[in-house]
file start-v5.csv (CSV, C-alpha atoms and all ligand atoms)
chain,number,residue,atom,x,y,z
A,1200,MET,CA,-14.6,-6.7,-27.4
A,1201,ASN,CA,-12.0,-7.9,-29.9
A,1202,LYS,CA,-8.4,-8.0,-28.7
A,1203,VAL,CA,-6.1,-6.6,-31.3
A,1204,ILE,CA,-2.9,-6.6,-29.2
A,1205,GLU,CA,-2.0,-9.1,-26.5
A,1206,VAL,CA,1.2,-8.6,-24.5
A,1207,LYS,CA,2.1,-11.2,-21.9
A,1208,ASN,CA,5.0,-11.1,-19.3
A,1209,LEU,CA,7.1,-8.9,-21.6
A,1210,THR,CA,10.7,-8.2,-20.6
A,1211,LYS,CA,13.5,-6.5,-22.3
A,1212,THR,CA,17.1,-6.3,-21.0
A,1213,TYR,CA,19.5,-4.3,-23.0
A,1214,LYS,CA,23.2,-5.3,-23.1
A,1215,LEU,CA,25.4,-2.4,-22.2
A,1216,SER,CA,29.2,-2.1,-22.5
A,1217,LYS,CA,31.6,-3.9,-20.1
A,1218,GLY,CA,29.1,-6.8,-19.6
A,1219,LYS,CA,26.5,-4.6,-17.9
A,1220,THR,CA,22.8,-4.9,-18.5
A,1221,LEU,CA,19.8,-2.7,-18.2
A,1222,ALA,CA,16.3,-4.0,-17.5
A,1223,ALA,CA,14.1,-1.6,-19.4
A,1224,VAL,CA,10.9,-3.6,-19.3
A,1225,LYS,CA,10.3,-5.9,-16.4
A,1226,GLY,CA,7.4,-8.2,-17.0
A,1227,THR,CA,4.4,-6.3,-18.3
A,1228,SER,CA,1.1,-7.6,-19.5
A,1229,PHE,CA,-1.8,-5.8,-21.2
A,1230,ASP,CA,-4.4,-6.1,-24.0
A,1231,VAL,CA,-5.5,-3.5,-26.4
A,1232,TYR,CA,-9.0,-3.7,-27.8
A,1233,GLN,CA,-10.3,-2.9,-31.3
A,1234,GLY,CA,-11.4,0.8,-31.6
A,1235,GLU,CA,-9.8,2.2,-28.5
A,1236,VAL,CA,-7.2,4.8,-27.9
A,1237,PHE,CA,-4.8,3.1,-25.5
A,1238,GLY,CA,-2.2,5.2,-23.8
A,1239,ILE,CA,1.0,4.3,-22.0
A,1240,LEU,CA,1.8,7.1,-19.6
A,1241,GLY,CA,5.1,7.5,-17.8
A,1242,PRO,CA,8.1,9.6,-17.2
A,1243,ASN,CA,11.3,9.5,-19.4
A,1244,GLY,CA,13.0,6.2,-19.1
A,1245,ALA,CA,9.9,4.3,-18.0
A,1246,GLY,CA,10.2,1.8,-20.9
A,1247,LYS,CA,7.4,3.2,-23.1
A,1248,THR,CA,9.3,3.3,-26.4
A,1249,THR,CA,11.0,0.0,-25.8
A,1250,THR,CA,7.5,-1.6,-25.3
A,1251,LEU,CA,6.2,0.0,-28.4
A,1252,GLU,CA,9.1,-1.0,-30.6
A,1253,ILE,CA,8.8,-4.6,-29.6
A,1254,ILE,CA,5.1,-4.6,-30.5
A,1255,GLU,CA,6.0,-2.9,-33.8
A,1256,CYS,CA,8.5,-5.7,-34.6
A,1257,LEU,CA,11.4,-3.3,-34.6
A,1258,LYS,CA,13.2,-5.1,-31.9
A,1259,PRO,CA,12.8,-8.5,-30.2
A,1260,GLN,CA,11.9,-9.0,-26.6
A,1261,THR,CA,14.1,-10.8,-24.0
A,1262,SER,CA,11.1,-12.9,-22.9
A,1263,GLY,CA,7.3,-12.9,-23.0
A,1264,THR,CA,4.9,-13.0,-25.9
A,1265,VAL,CA,3.3,-10.4,-28.1
A,1266,THR,CA,0.4,-11.0,-30.5
A,1267,VAL,CA,-0.8,-8.4,-32.9
A,1268,LEU,CA,-4.1,-9.0,-34.8
A,1269,GLY,CA,-3.5,-12.7,-34.1
A,1270,PHE,CA,0.1,-12.8,-35.4
A,1271,ASP,CA,3.2,-13.5,-33.3
A,1272,ASN,CA,5.7,-10.6,-33.4
A,1273,LEU,CA,8.7,-13.0,-33.6
A,1274,LYS,CA,7.2,-15.5,-36.1
A,1275,ASN,CA,5.1,-13.3,-38.4
A,1276,PRO,CA,6.6,-9.8,-38.3
A,1277,ASP,CA,5.8,-9.1,-42.0
A,1278,ASP,CA,2.1,-9.9,-41.4
A,1279,ILE,CA,2.1,-7.4,-38.5
A,1280,LYS,CA,4.0,-4.7,-40.3
A,1281,GLU,CA,1.7,-4.5,-43.3
A,1282,ARG,CA,-1.3,-4.0,-41.0
A,1283,ILE,CA,0.1,-1.3,-38.6
A,1284,GLY,CA,1.1,2.3,-39.0
A,1285,ILE,CA,4.1,3.6,-37.0
A,1286,GLN,CA,5.0,7.1,-36.1
A,1287,LEU,CA,8.5,7.2,-34.6
A,1288,GLN,CA,9.7,9.7,-32.1
A,1289,GLN,CA,11.8,11.3,-34.9
A,1290,SER,CA,11.6,11.1,-38.7
A,1291,GLN,CA,13.9,12.0,-41.6
A,1292,TYR,CA,12.8,12.1,-45.2
A,1293,LEU,CA,14.6,12.3,-48.6
A,1294,HIS,CA,15.4,15.9,-49.4
A,1295,HIS,CA,14.1,17.6,-52.6
A,1296,LEU,CA,10.9,15.5,-52.7
A,1297,SER,CA,7.6,17.2,-52.2
A,1298,LEU,CA,5.0,15.9,-49.7
A,1299,GLY,CA,3.0,14.5,-52.6
A,1300,GLU,CA,6.0,12.6,-54.0
A,1301,LEU,CA,7.0,11.3,-50.5
A,1302,LEU,CA,3.5,9.9,-50.1
A,1303,ASP,CA,3.7,8.1,-53.5
A,1304,LEU,CA,7.0,6.7,-52.4
A,1305,PHE,CA,5.6,5.4,-49.1
A,1306,LYS,CA,2.6,3.9,-50.9
A,1307,SER,CA,5.0,2.0,-53.3
A,1308,PHE,CA,6.8,0.4,-50.3
A,1309,TYR,CA,3.6,-1.3,-49.2
A,1310,SER,CA,1.6,-2.1,-52.3
A,1311,SER,CA,4.1,-4.1,-54.4
A,1312,ARG,CA,3.0,-7.4,-52.8
A,1313,ASP,CA,-0.5,-7.0,-54.1
A,1314,VAL,CA,0.3,-6.1,-57.7
A,1315,ILE,CA,0.0,-8.7,-60.3
A,1316,PRO,CA,3.2,-8.7,-62.4
A,1317,ALA,CA,2.7,-7.3,-65.9
A,1318,LYS,CA,3.1,-9.8,-68.7
A,1319,SER,CA,6.1,-9.2,-70.9
A,1320,ALA,CA,3.9,-8.9,-74.0
A,1321,ALA,CA,2.3,-5.9,-72.4
A,1322,GLY,CA,5.6,-4.1,-72.5
A,1323,GLY,CA,6.9,-2.4,-69.4
A,1324,SER,CA,9.3,-4.2,-67.0
A,1325,GLU,CA,7.9,-5.7,-63.9
A,1326,PRO,CA,9.4,-3.3,-61.3
A,1327,GLU,CA,8.1,-0.2,-63.2
A,1328,SER,CA,4.6,-1.5,-63.4
A,1329,LYS,CA,4.7,-2.3,-59.7
A,1330,ILE,CA,5.5,1.2,-58.8
A,1331,LYS,CA,3.0,2.6,-61.3
A,1332,ASP,CA,0.2,0.5,-59.9
A,1333,SER,CA,1.1,1.2,-56.4
A,1334,ARG,CA,0.6,4.9,-56.8
A,1335,PHE,CA,-2.4,6.6,-55.3
A,1336,ARG,CA,-5.5,6.4,-57.3
A,1337,GLY,CA,-7.7,9.4,-58.0
A,1338,ASN,CA,-7.9,11.8,-55.1
A,1339,ASP,CA,-6.7,9.5,-52.4
A,1340,LYS,CA,-3.4,11.3,-51.8
A,1341,MET,CA,-5.1,14.7,-51.5
A,1342,GLN,CA,-7.7,13.2,-49.1
A,1343,LEU,CA,-4.9,11.9,-47.0
A,1344,LEU,CA,-3.2,15.4,-46.9
A,1345,LYS,CA,-6.6,16.9,-46.2
A,1346,LEU,CA,-7.1,14.6,-43.3
A,1347,VAL,CA,-3.9,15.9,-41.7
A,1348,ASP,CA,-4.7,19.5,-42.8
A,1349,LEU,CA,-1.8,19.8,-45.2
A,1350,GLN,CA,-3.7,19.9,-48.5
A,1351,ASP,CA,-2.0,23.3,-49.3
A,1352,LYS,CA,1.4,21.8,-48.9
A,1353,VAL,CA,1.3,19.0,-51.5
A,1354,ASN,CA,4.2,20.6,-53.5
A,1355,GLU,CA,6.2,21.7,-50.4
A,1356,GLU,CA,9.2,20.0,-49.0
A,1357,PHE,CA,9.2,18.4,-45.5
A,1358,ALA,CA,12.1,20.7,-44.3
A,1359,ASN,CA,9.9,23.7,-44.8
A,1360,LEU,CA,7.1,22.6,-42.5
A,1361,SER,CA,6.5,23.7,-38.9
A,1362,GLY,CA,7.0,21.3,-36.0
A,1363,GLY,CA,3.3,20.5,-35.8
A,1364,GLN,CA,3.0,20.1,-39.6
A,1365,LYS,CA,5.9,17.7,-39.6
A,1366,GLN,CA,4.3,15.5,-37.0
A,1367,ARG,CA,1.0,15.5,-38.9
A,1368,PHE,CA,2.8,14.6,-42.2
A,1369,THR,CA,4.6,11.8,-40.5
A,1370,ILE,CA,1.2,10.5,-39.5
A,1371,ALA,CA,0.0,10.8,-43.1
A,1372,THR,CA,2.9,8.6,-44.2
A,1373,SER,CA,2.0,6.0,-41.7
A,1374,LEU,CA,-1.6,5.8,-43.1
A,1375,VAL,CA,-0.9,5.2,-46.8
A,1376,HIS,CA,-1.6,1.5,-46.5
A,1377,GLU,CA,-4.7,1.9,-44.4
A,1378,PRO,CA,-3.5,0.3,-41.2
A,1379,LYS,CA,-5.8,-1.1,-38.6
A,1380,ILE,CA,-3.6,0.0,-35.7
A,1381,LEU,CA,-1.6,3.2,-35.4
A,1382,PHE,CA,1.3,3.6,-33.0
A,1383,LEU,CA,2.2,7.1,-31.9
A,1384,ASP,CA,5.3,7.6,-29.8
A,1385,GLU,CA,5.0,10.9,-27.9
A,1386,PRO,CA,3.1,12.6,-30.7
A,1387,THR,CA,3.0,16.0,-29.1
A,1388,THR,CA,6.3,16.3,-27.4
A,1389,GLY,CA,8.0,19.6,-28.3
A,1390,LEU,CA,4.9,21.0,-29.9
A,1391,ASP,CA,3.4,24.4,-28.9
A,1392,PRO,CA,-0.1,24.3,-27.3
A,1393,LYS,CA,-2.0,25.1,-30.5
A,1394,ALA,CA,-0.1,22.4,-32.4
A,1395,ARG,CA,-0.7,20.0,-29.5
A,1396,ARG,CA,-4.5,20.6,-29.7
A,1397,ASP,CA,-4.5,20.1,-33.5
A,1398,MET,CA,-2.8,16.8,-32.9
A,1399,TRP,CA,-5.3,15.8,-30.3
A,1400,GLN,CA,-8.1,16.6,-32.8
A,1401,LEU,CA,-6.4,14.5,-35.4
A,1402,VAL,CA,-6.0,11.5,-33.1
A,1403,LYS,CA,-9.8,11.8,-32.3
A,1404,THR,CA,-10.7,12.0,-36.0
A,1405,LEU,CA,-8.5,8.9,-36.9
A,1406,ASN,CA,-10.0,7.0,-34.0
A,1407,SER,CA,-13.6,7.9,-35.1
A,1408,ARG,CA,-12.7,6.4,-38.5
A,1409,GLY,CA,-12.2,3.0,-36.8
A,1410,ILE,CA,-8.4,3.0,-36.3
A,1411,THR,CA,-7.2,1.6,-33.0
A,1412,ILE,CA,-4.5,3.9,-31.6
A,1413,ILE,CA,-1.8,3.1,-29.1
A,1414,LEU,CA,0.2,6.1,-28.0
A,1415,THR,CA,2.8,6.9,-25.4
A,1416,THR,CA,2.9,10.2,-23.6
A,1417,HIS,CA,4.5,11.8,-20.6
A,1418,TYR,CA,1.7,14.4,-20.4
A,1419,MET,CA,-1.0,13.6,-17.9
A,1420,GLU,CA,-3.4,15.9,-19.5
A,1421,GLU,CA,-3.0,14.3,-22.9
A,1422,ALA,CA,-3.6,10.8,-21.5
A,1423,GLU,CA,-6.7,12.0,-19.6
A,1424,PHE,CA,-8.1,13.8,-22.6
A,1425,LEU,CA,-7.4,11.3,-25.4
A,1426,CYS,CA,-7.2,7.8,-24.0
A,1427,HIS,CA,-10.1,5.4,-23.3
A,1428,ARG,CA,-7.7,3.4,-21.2
A,1429,VAL,CA,-4.3,4.3,-19.8
A,1430,ALA,CA,-1.5,2.1,-18.5
A,1431,ILE,CA,0.7,3.9,-16.0
A,1432,MET,CA,4.3,2.8,-16.4
A,1433,ASP,CA,7.2,3.5,-14.2
A,1434,GLU,CA,10.7,1.9,-14.1
A,1435,GLY,CA,9.8,-0.8,-16.6
A,1436,LYS,CA,6.6,-1.9,-14.9
A,1437,ILE,CA,2.9,-1.2,-15.5
A,1438,LEU,CA,1.4,-0.1,-12.2
A,1439,GLU,CA,-2.3,0.2,-13.2
A,1440,ILE,CA,-4.4,0.0,-16.3
A,1441,ASP,CA,-7.9,1.5,-16.4
A,1442,GLU,CA,-10.0,4.3,-17.8
A,1443,PRO,CA,-8.6,7.7,-16.6
A,1444,LYS,CA,-11.8,8.5,-14.7
A,1445,LYS,CA,-11.8,5.1,-12.9
A,1446,LEU,CA,-8.1,5.5,-12.0
A,1447,ILE,CA,-9.0,8.8,-10.4
A,1448,ASP,CA,-12.1,7.5,-8.7
A,1449,LYS,CA,-10.2,4.7,-7.1
A,1450,LEU,CA,-8.3,7.2,-5.0
A,1451,SER,CA,-10.3,7.9,-1.9
A,1452,ASP,CA,-10.9,11.5,-0.9
A,1453,THR,CA,-10.8,12.6,-4.4
A,1454,THR,CA,-12.1,16.1,-4.0
A,1455,GLN,CA,-10.6,18.8,-2.0
A,1456,ILE,CA,-12.4,22.0,-1.0
A,1457,SER,CA,-10.7,25.0,0.4
A,1458,PHE,CA,-11.9,28.4,1.5
A,1459,PHE,CA,-11.3,31.2,4.0
A,1460,THR,CA,-13.8,32.1,6.8
A,1461,ASP,CA,-14.4,35.1,9.0
A,1462,GLN,CA,-14.7,32.8,12.1
A,1463,LYS,CA,-12.6,30.0,13.6
A,1464,LEU,CA,-14.1,26.6,12.8
A,1465,THR,CA,-13.3,23.2,14.1
A,1466,ALA,CA,-13.7,19.7,12.6
A,1467,ASP,CA,-16.9,19.3,14.6
A,1468,PHE,CA,-18.5,22.0,12.6
A,1469,PHE,CA,-18.8,19.6,9.6
A,1470,SER,CA,-19.8,16.5,11.6
A,1471,SER,CA,-23.3,16.5,10.1
A,1472,ILE,CA,-22.0,15.8,6.7
A,1473,ALA,CA,-20.7,12.2,6.6
A,1474,GLU,CA,-18.9,12.6,3.3
A,1475,VAL,CA,-16.5,15.1,4.8
A,1476,LYS,CA,-13.6,12.9,5.6
A,1477,LYS,CA,-10.8,15.2,6.6
A,1478,VAL,CA,-10.9,18.6,8.0
A,1479,HIS,CA,-7.8,20.8,8.2
A,1480,ALA,CA,-9.0,24.1,9.8
A,1481,ALA,CA,-6.2,26.6,10.4
A,1482,TYR,CA,-8.0,29.9,10.7
A,1483,PRO,CA,-8.7,31.7,8.4
A,1484,LYS,CA,-8.2,28.8,5.9
A,1485,VAL,CA,-10.2,25.6,5.9
A,1486,ILE,CA,-9.4,22.5,3.8
A,1487,LEU,CA,-11.9,19.7,3.5
A,1488,GLU,CA,-11.7,16.4,1.7
A,1489,ILE,CA,-15.0,15.0,0.6
A,1490,THR,CA,-15.8,11.7,-1.0
A,1491,SER,CA,-18.7,12.9,-3.1
A,1492,LEU,CA,-18.8,15.8,-5.4
A,1493,ASP,CA,-22.6,16.2,-4.7
A,1494,LYS,CA,-21.7,17.3,-1.1
A,1495,ILE,CA,-20.1,20.5,-2.2
A,1496,SER,CA,-23.5,22.3,-2.0
A,1497,ALA,CA,-24.2,20.8,1.4
A,1498,VAL,CA,-21.0,22.4,2.7
A,1499,VAL,CA,-22.0,25.7,1.2
A,1500,GLU,CA,-25.5,25.4,2.8
A,1501,LEU,CA,-24.1,24.6,6.2
A,1502,LEU,CA,-21.8,27.7,6.1
A,1503,LYS,CA,-24.8,29.9,5.1
A,1504,GLN,CA,-27.1,28.4,7.7
A,1505,ARG,CA,-24.7,29.1,10.5
A,1506,GLY,CA,-24.0,32.6,9.3
A,1507,VAL,CA,-20.3,31.9,8.5
A,1508,ALA,CA,-19.0,34.2,5.8
A,1509,PHE,CA,-16.6,32.6,3.4
A,1510,TYR,CA,-14.6,33.6,0.4
A,1511,GLY,CA,-12.0,32.2,-2.0
A,1512,PHE,CA,-14.0,28.9,-2.3
A,1513,THR,CA,-12.1,26.5,-4.5
A,1514,VAL,CA,-12.7,22.9,-5.5
A,1515,LYS,CA,-9.9,20.7,-6.7
A,1516,THR,CA,-10.7,17.2,-8.0
A,1517,ALA,CA,-8.0,14.6,-8.3
A,1518,THR,CA,-6.1,14.2,-11.6
A,1519,LEU,CA,-4.0,11.4,-13.1
A,1520,GLU,CA,-1.1,13.3,-11.4
A,1521,ASP,CA,-2.6,12.4,-8.0
A,1522,VAL,CA,-3.0,8.8,-9.2
A,1523,TYR,CA,0.7,8.7,-10.2
A,1524,LEU,CA,1.8,10.2,-6.9
A,1525,ASP,CA,-0.4,7.6,-5.1
A,1526,LEU,CA,1.0,4.7,-7.0
A,1527,THR,CA,4.7,5.6,-7.0
A,1528,GLY,CA,5.0,7.9,-4.0
A,1529,LYS,CA,6.9,10.2,-6.4
A,1530,GLU,CA,6.1,13.7,-7.7
A,1531,TYR,CA,5.5,13.5,-11.5
A,1532,GLU,CA,8.0,15.5,-13.5
A,1533,GLU,CA,7.1,16.4,-17.0
B,1601,LIG,N1,19.0,0.7,-27.4
B,1601,LIG,C1,19.2,0.8,-26.1
B,1601,LIG,N2,20.3,0.3,-25.5
B,1601,LIG,C2,20.4,0.4,-24.1
B,1601,LIG,N3,19.6,1.0,-23.3
B,1601,LIG,C3,18.4,1.5,-23.8
B,1601,LIG,C4,18.2,1.4,-25.3
B,1601,LIG,N4,17.0,2.0,-25.5
B,1601,LIG,C5,16.5,2.4,-24.3
B,1601,LIG,N5,17.4,2.1,-23.3
B,1601,LIG,C6,17.2,2.4,-21.9
B,1601,LIG,O1,16.0,1.7,-21.5
B,1601,LIG,C7,15.2,2.5,-20.6
B,1601,LIG,C8,13.8,2.7,-21.1
B,1601,LIG,O2,14.0,3.5,-22.3
B,1601,LIG,P1,12.7,3.9,-23.2
B,1601,LIG,O3,12.0,2.6,-23.6
B,1601,LIG,O4,13.2,4.7,-24.3
B,1601,LIG,O5,11.8,4.7,-22.2
B,1601,LIG,P2,10.7,5.9,-22.5
B,1601,LIG,O6,10.3,5.8,-23.9
B,1601,LIG,O7,9.7,5.6,-21.5
B,1601,LIG,O8,11.4,7.2,-22.2
B,1601,LIG,C9,16.0,3.7,-20.3
B,1601,LIG,O9,16.8,3.6,-19.2
B,1601,LIG,C10,16.9,3.8,-21.6
B,1601,LIG,O10,18.1,4.5,-21.3
B,1602,MG,MG,10.3,7.2,-25.4

call {"tool": "encode", "arguments": {"input": "start-v5.csv", "output": "structure tokens", "more": "lines below"}}
Ligand SMILES: Nc1ncnc2c1ncn2[C@@H]1O[C@H](COP(=O)(O)OP(=O)(O)O)[C@@H](O)[C@H]1O
Ligand SMILES: [Mg+2]
result
Amino acid sequence: MNKVIEVKNLTKTYKLSKGKTLAAVKGTSFDVYQGEVFGILGPNGAGKTTTLEIIECLKPQTSGTVTVLGFDNLKNPDDIKERIGIQLQQSQYLHHLSLGELLDLFKSFYSSRDVIPAKSAAGGSEPESKIKDSRFRGNDKMQLLKLVDLQDKVNEEFANLSGGQKQRFTIATSLVHEPKILFLDEPTTGLDPKARRDMWQLVKTLNSRGITIILTTHYMEEAEFLCHRVAIMDEGKILEIDEPKKLIDKLSDTTQISFFTDQKLTADFFSSIAEVKKVHAAYPKVILEITSLDKISAVVELLKQRGVAFYGFTVKTATLEDVYLDLTGKEYEE
């Protein structure tokens, strides 16, 4: 697979007042491959935004190297910036411009480089023709608004949009120059559940169109649902990188079964099933940890065979939250 981002031994130390310093990123390395949704998951203050902003060429690192689409972030920031789309954690736009006008404005920022200057004989001064030529052609603008489900709002102002609509419009502005990579910093923070699901759908749609997406989130569920691979970040370090499912599978005893019984049971009762690793039997509740999901039915069969009545049977498989707890020893706070 093609690497589109390569981060090696990245550190960032902020200078604070009175000569103090703060190490926000402490030597992280990772690669992002073409076509994937790559997530950086971690609590507030983990260093996610700092990492993203360095890759986006918005601030320099203290040490380490960053390569985006083959370009070095310190040597060739302009080459990177014209190939990536950035959604910041917060955005402000000019007042009194409609969404359509704002998109034209954003498009003009990017396209002027490609426009051949108009000859003086053709009339029209150069800057004017640059802006004119850089406007959307045909239906492109409407298609972009349709993509983010805001086609009805082309004449509306940003201030009059809901939270979810604002986030989606911000993504539209970051797509005007058809970037290869899109950066989303906490795209669903502060959104209601419906708006969050709409945003997830949009991320999936954009990715299915071939855009590589790198996003940060502090929502476990979001990382598990959206990301092909997740880097778990805490206190400036990346603790693990893998597919969510693999991270979960790496934990031993990944599945917990619990139920109530009408009789007292001991650990020996389950000795015929090798995959039952832990038994916690405190009548009337029994908790088992099993290493294979397939063995759930074997447990049920055993209870039936021995005539043990049971109720309140629940199965809890591990989530990324358990992975985080396992890696850091800390409860995850959203
Ligand atoms: N411009 C800055 N100056 C000083 N400290 C900063 C600055 N930006 C972030 N920090 C600090 O760096 C750490 C990581 O912040 P950040 O990268 O924003 O984390 P996250 O996005 O995971 O919440 C935090 O302790 C934060 O307070
Ligand atoms: Mg952040």

call {"tool": "closest_atom_pairs", "arguments": {"input": "start-v5.csv", "of": "chain A", "to": "ligand LIG 1601 (chain B)", "cutoff": "6 Å", "atoms": "all atoms listed in the file", "output": "JSON lines"}}
result
{"residue": "A:Tyr1213", "atom": "CA", "partner": "B:LIG1601", "partner_atom": "C2", "distance": 4.9}
{"residue": "A:Ala1223", "atom": "CA", "partner": "B:LIG1601", "partner_atom": "O1", "distance": 4.3}
{"residue": "A:Asn1243", "atom": "CA", "partner": "B:LIG1601", "partner_atom": "O8", "distance": 3.6}
{"residue": "A:Gly1244", "atom": "CA", "partner": "B:LIG1601", "partner_atom": "O8", "distance": 3.6}
{"residue": "A:Ala1245", "atom": "CA", "partner": "B:LIG1601", "partner_atom": "O7", "distance": 3.7}
{"residue": "A:Gly1246", "atom": "CA", "partner": "B:LIG1601", "partner_atom": "O3", "distance": 3.3}
{"residue": "A:Lys1247", "atom": "CA", "partner": "B:LIG1601", "partner_atom": "O7", "distance": 3.7}
{"residue": "A:Thr1248", "atom": "CA", "partner": "B:LIG1601", "partner_atom": "O6", "distance": 3.7}
{"residue": "A:Thr1249", "atom": "CA", "partner": "B:LIG1601", "partner_atom": "O3", "distance": 3.5}

call {"tool": "write_last_selection", "arguments": {"input": "start-v5.csv", "atoms": "C-alpha atoms", "output": "mmCIF file, keeping the file's coordinate frame"}}
result
data_model
loop_
_atom_site.group_PDB
_atom_site.id
_atom_site.type_symbol
_atom_site.label_atom_id
_atom_site.label_comp_id
_atom_site.auth_asym_id
_atom_site.auth_seq_id
_atom_site.Cartn_x
_atom_site.Cartn_y
_atom_site.Cartn_z
ATOM 1 C CA TYR A 1213 19.500 -4.300 -23.000
ATOM 2 C CA ALA A 1223 14.100 -1.600 -19.400
ATOM 3 C CA ASN A 1243 11.300 9.500 -19.400
ATOM 4 C CA GLY A 1244 13.000 6.200 -19.100
ATOM 5 C CA ALA A 1245 9.900 4.300 -18.000
ATOM 6 C CA GLY A 1246 10.200 1.800 -20.900
ATOM 7 C CA LYS A 1247 7.400 3.200 -23.100
ATOM 8 C CA THR A 1248 9.300 3.300 -26.400
ATOM 9 C CA THR A 1249 11.000 0.000 -25.800
#

call {"tool": "closest_residue", "arguments": {"input": "start-v5.csv", "among": "A:Gln1504, A:Thr1388, A:Thr1460, A:Asn1275", "to": "ligand MG 1602 (chain B)", "atoms": "all atoms listed in the file"}}
result
A:Thr1388

call {"tool": "residues_around", "arguments": {"input": "start-v5.csv", "residues": "stretch 1431-1436 of chain A", "least_positions_apart": "6", "cutoff": "9 Å", "atoms": "all atoms listed in the file", "output": "PyMOL selection string"}}
result
chain A and resi 1210-1211+1222-1227+1238-1247+1523+1527

call {"tool": "atom_distance", "arguments": {"input": "start-v5.csv", "atom1": "atom CA of A:Ile1447", "atom2": "atom CA of A:Lys1529"}}
result
16.5 Å

call {"tool": "closest_residue", "arguments": {"input": "start-v5.csv", "among": "A:Asp1448, A:Asp1461, A:Asp1277, A:Glu1439", "to": "A:Leu1526", "atoms": "only C-alpha atoms"}}
result
A:Glu1439

call {"tool": "residues_around", "arguments": {"input": "start-v5.csv", "residues": "stretch 1354-1362 of chain A", "least_positions_apart": "4", "cutoff": "8 Å", "atoms": "all atoms listed in the file", "output": "list in words"}}
result
Tyr1292, His1294, His1295, Leu1296, Ser1297, Leu1298, Gly1299, Gln1366, Gly1389 and Leu1390 of chain A

call {"tool": "closest_residue", "arguments": {"input": "start-v5.csv", "among": "A:Gly1263, A:Pro1378, A:Pro1276, A:Pro1386", "to": "ligand MG 1602 (chain B)", "atoms": "all atoms listed in the file"}}
result
A:Pro1386

call {"tool": "closest_residue", "arguments": {"input": "start-v5.csv", "among": "A:Ala1422, A:Val1347, A:Leu1381, A:Met1341", "to": "A:Val1267", "atoms": "all atoms listed in the file"}}
result
A:Leu1381

call {"tool": "residues_around", "arguments": {"input": "start-v5.csv", "residues": "A:Glu1520", "least_positions_apart": "2", "cutoff": "9 Å", "atoms": "all atoms listed in the file", "output": "NGL selection string"}}
result
:A and (1419-1420 or 1517-1518 or 1522-1525 or 1530-1531)

call {"tool": "residues_near_point", "arguments": {"input": "start-v5.csv", "point": "(-0.5, -3.4, -46.4)", "cutoff": "7 Å", "atoms": "all atoms listed in the file", "output": "list in words"}}
result
Glu1281, Arg1282, Tyr1309, Ser1310 and His1376 of chain A

call {"tool": "atom_distance", "arguments": {"input": "start-v5.csv", "atom1": "atom CA of A:Thr1415", "atom2": "atom CA of A:Val1353"}}
result
28.8 Å

call {"tool": "residues_around", "arguments": {"input": "start-v5.csv", "residues": "stretch 1472-1489 of chain A", "least_positions_apart": "2", "cutoff": "6 Å", "atoms": "only C-alpha atoms", "output": "PyMOL selection string"}}
result
chain A and resi 1452+1454-1460+1463+1466+1469-1470+1491

call {"tool": "atom_distance", "arguments": {"input": "start-v5.csv", "atom1": "atom CA of A:Ile1253", "atom2": "atom CA of A:Val1231"}}
result
14.7 Å

call {"tool": "closest_residue", "arguments": {"input": "start-v5.csv", "among": "A:Lys1515, A:Val1203, A:Gly1506, A:Trp1399", "to": "A:Gly1234", "atoms": "all atoms listed in the file"}}
result
A:Val1203

call {"tool": "closest_residue", "arguments": {"input": "start-v5.csv", "among": "A:Ile1204, A:Val1507, A:Leu1383, A:Ile1254", "to": "ligand MG 1602 (chain B)", "atoms": "all atoms listed in the file"}}
result
A:Leu1383

call {"tool": "decode", "arguments": {"input": "start-v5.csv", "residues": "stretch 1284-1295 of chain A", "atoms": "C-alpha atoms", "output": "PDB file, in the first residue's frame"}}
result
ATOM      1  CA  GLY A1284      -8.065  19.700   3.136  1.00  0.00           C
ATOM      2  CA  ILE A1285      -8.258  20.877   6.714  1.00  0.00           C
ATOM      3  CA  GLN A1286     -11.215  21.100   9.034  1.00  0.00           C
ATOM      4  CA  LEU A1287     -10.181  22.965  12.158  1.00  0.00           C
ATOM      5  CA  GLN A1288     -11.778  22.428  15.551  1.00  0.00           C
ATOM      6  CA  GLN A1289     -13.504  25.830  15.209  1.00  0.00           C
ATOM      7  CA  SER A1290     -14.213  27.953  12.133  1.00  0.00           C
ATOM      8  CA  GLN A1291     -15.288  31.549  11.514  1.00  0.00           C
ATOM      9  CA  TYR A1292     -16.470  32.949   8.182  1.00  0.00           C
ATOM     10  CA  LEU A1293     -17.109  36.395   6.736  1.00  0.00           C
ATOM     11  CA  HIS A1294     -20.561  37.644   7.676  1.00  0.00           C
ATOM     12  CA  HIS A1295     -23.185  38.523   5.059  1.00  0.00           C
TER      13      HIS A1295
END
